[in-house]
Amino acid sequence: MEMTVLKPNADLQKFIDKFEPTKFKLIKNGIEIRGIIDLNRGIQEAKALIERFQLRLIISHTAEMLSYRGFEVNYFSEEANIAARHQQATAKLDTIHVK
């Protein structure tokens with residue numbers, strides 16, 4: 001079995017340098033950041049950095065990641081963009097039906 005060395009692209013490396021996470025792991029799609037004390041604030045700061053520097057990255061977070069206070073910063077792709085738009089549209093529909 002061949003061992004693959006993962007290297008972050010320029011956008012991801014810039015994010016790592018600016019966000020300065022204490023614990024992170026390189027994964028196939030980007031990085032996984034763990035051990036964030038204030039997860040809400042951490043995600044908001046990550047989103048602000050991505051927007052400010054116009055990085056081609058997206059934030060991913062699931063309920064499972066909550067157990068280790070983490071989230072992922074993934075490479076942006078058109079498939080991910082379509083999925084995110086669908087998720088936002090579905091959330092808006094759920095909100096409309098709740099009211």
# chains A, B, ... in the order shown; residues from 1 in each chain; ligands from 1
call {"tool": "residues_around", "arguments": {"residues": "A:Leu39", "least_positions_apart": "4", "cutoff": "8 Å", "atoms": "only C-alpha atoms", "output": "PDB file with N, CA and C atoms, in the first residue's frame"}}
result
ATOM      1  N   ILE A  43     -16.178  29.063  14.252  1.00  0.00           N
ATOM      2  CA  ILE A  43     -16.722  28.909  12.903  1.00  0.00           C
ATOM      3  C   ILE A  43     -16.949  30.277  12.271  1.00  0.00           C
ATOM      4  N   ARG A  69     -15.664  19.147  19.538  1.00  0.00           N
ATOM      5  CA  ARG A  69     -15.564  20.602  19.331  1.00  0.00           C
ATOM      6  C   ARG A  69     -14.743  20.921  18.085  1.00  0.00           C
ATOM      7  N   GLY A  70     -15.204  20.406  16.957  1.00  0.00           N
ATOM      8  CA  GLY A  70     -14.448  20.588  15.732  1.00  0.00           C
ATOM      9  C   GLY A  70     -15.297  20.928  14.528  1.00  0.00           C
TER      10      GLY A  70
END
call {"tool": "closest_residue", "arguments": {"among": "A:Pro8, A:Gly35, A:Pro21, A:Gly42", "to": "A:Ile59", "atoms": "only C-alpha atoms"}}
result
A:Gly42
call {"tool": "residues_around", "arguments": {"residues": "A:Thr62", "least_positions_apart": "3", "cutoff": "8 Å", "atoms": "only C-alpha atoms", "output": "JSON, numbers by chain"}}
result
{"A": [65, 66, 71]}
call {"tool": "atom_distance", "arguments": {"atom1": "atom CA of A:Ile33", "atom2": "atom CA of A:Ser60"}}
result
10.5 Å
call {"tool": "decode", "arguments": {"residues": "stretch 17-32 of chain A", "atoms": "N, CA and C atoms", "output": "CSV table (one decimal), in the first residue's frame"}}
result
chain,number,residue,atom,x,y,z
A,17,ASP,N,-2.3,29.7,8.3
A,17,ASP,CA,-1.4,30.7,8.8
A,17,ASP,C,-2.1,31.8,9.5
A,18,LYS,N,-3.3,32.2,9.0
A,18,LYS,CA,-4.1,33.3,9.6
A,18,LYS,C,-4.9,32.9,10.8
A,19,PHE,N,-5.6,31.7,10.7
A,19,PHE,CA,-6.4,31.2,11.7
A,19,PHE,C,-5.6,30.7,12.9
A,20,GLU,N,-4.5,30.1,12.6
A,20,GLU,CA,-3.6,29.5,13.6
A,20,GLU,C,-4.3,28.5,14.5
A,21,PRO,N,-4.8,27.5,14.0
A,21,PRO,CA,-5.4,26.5,14.8
A,21,PRO,C,-4.4,25.7,15.7
A,22,THR,N,-4.7,25.4,16.9
A,22,THR,CA,-3.8,24.7,17.8
A,22,THR,C,-3.8,23.2,17.4
A,23,LYS,N,-4.9,22.6,17.1
A,23,LYS,CA,-5.0,21.2,16.7
A,23,LYS,C,-5.7,21.1,15.4
A,24,PHE,N,-5.0,20.6,14.4
A,24,PHE,CA,-5.7,20.3,13.1
A,24,PHE,C,-5.1,19.1,12.5
A,25,LYS,N,-5.8,18.5,11.6
A,25,LYS,CA,-5.4,17.3,10.9
A,25,LYS,C,-5.7,17.5,9.4
A,26,LEU,N,-4.7,17.3,8.6
A,26,LEU,CA,-4.9,17.3,7.1
A,26,LEU,C,-5.7,16.1,6.7
A,27,ILE,N,-6.8,16.3,6.0
A,27,ILE,CA,-7.6,15.3,5.4
A,27,ILE,C,-7.7,15.4,3.9
A,28,LYS,N,-8.3,14.5,3.3
A,28,LYS,CA,-8.3,14.5,1.8
A,28,LYS,C,-8.9,15.8,1.2
A,29,ASN,N,-10.0,16.3,1.8
A,29,ASN,CA,-10.7,17.4,1.3
A,29,ASN,C,-10.2,18.8,1.9
A,30,GLY,N,-9.3,18.8,2.8
A,30,GLY,CA,-8.9,20.0,3.5
A,30,GLY,C,-8.3,19.7,4.8
A,31,ILE,N,-8.8,20.4,5.9
A,31,ILE,CA,-8.3,20.1,7.2
A,31,ILE,C,-9.5,20.0,8.2
A,32,GLU,N,-9.2,19.3,9.3
A,32,GLU,CA,-10.2,19.1,10.4
A,32,GLU,C,-9.6,19.8,11.6
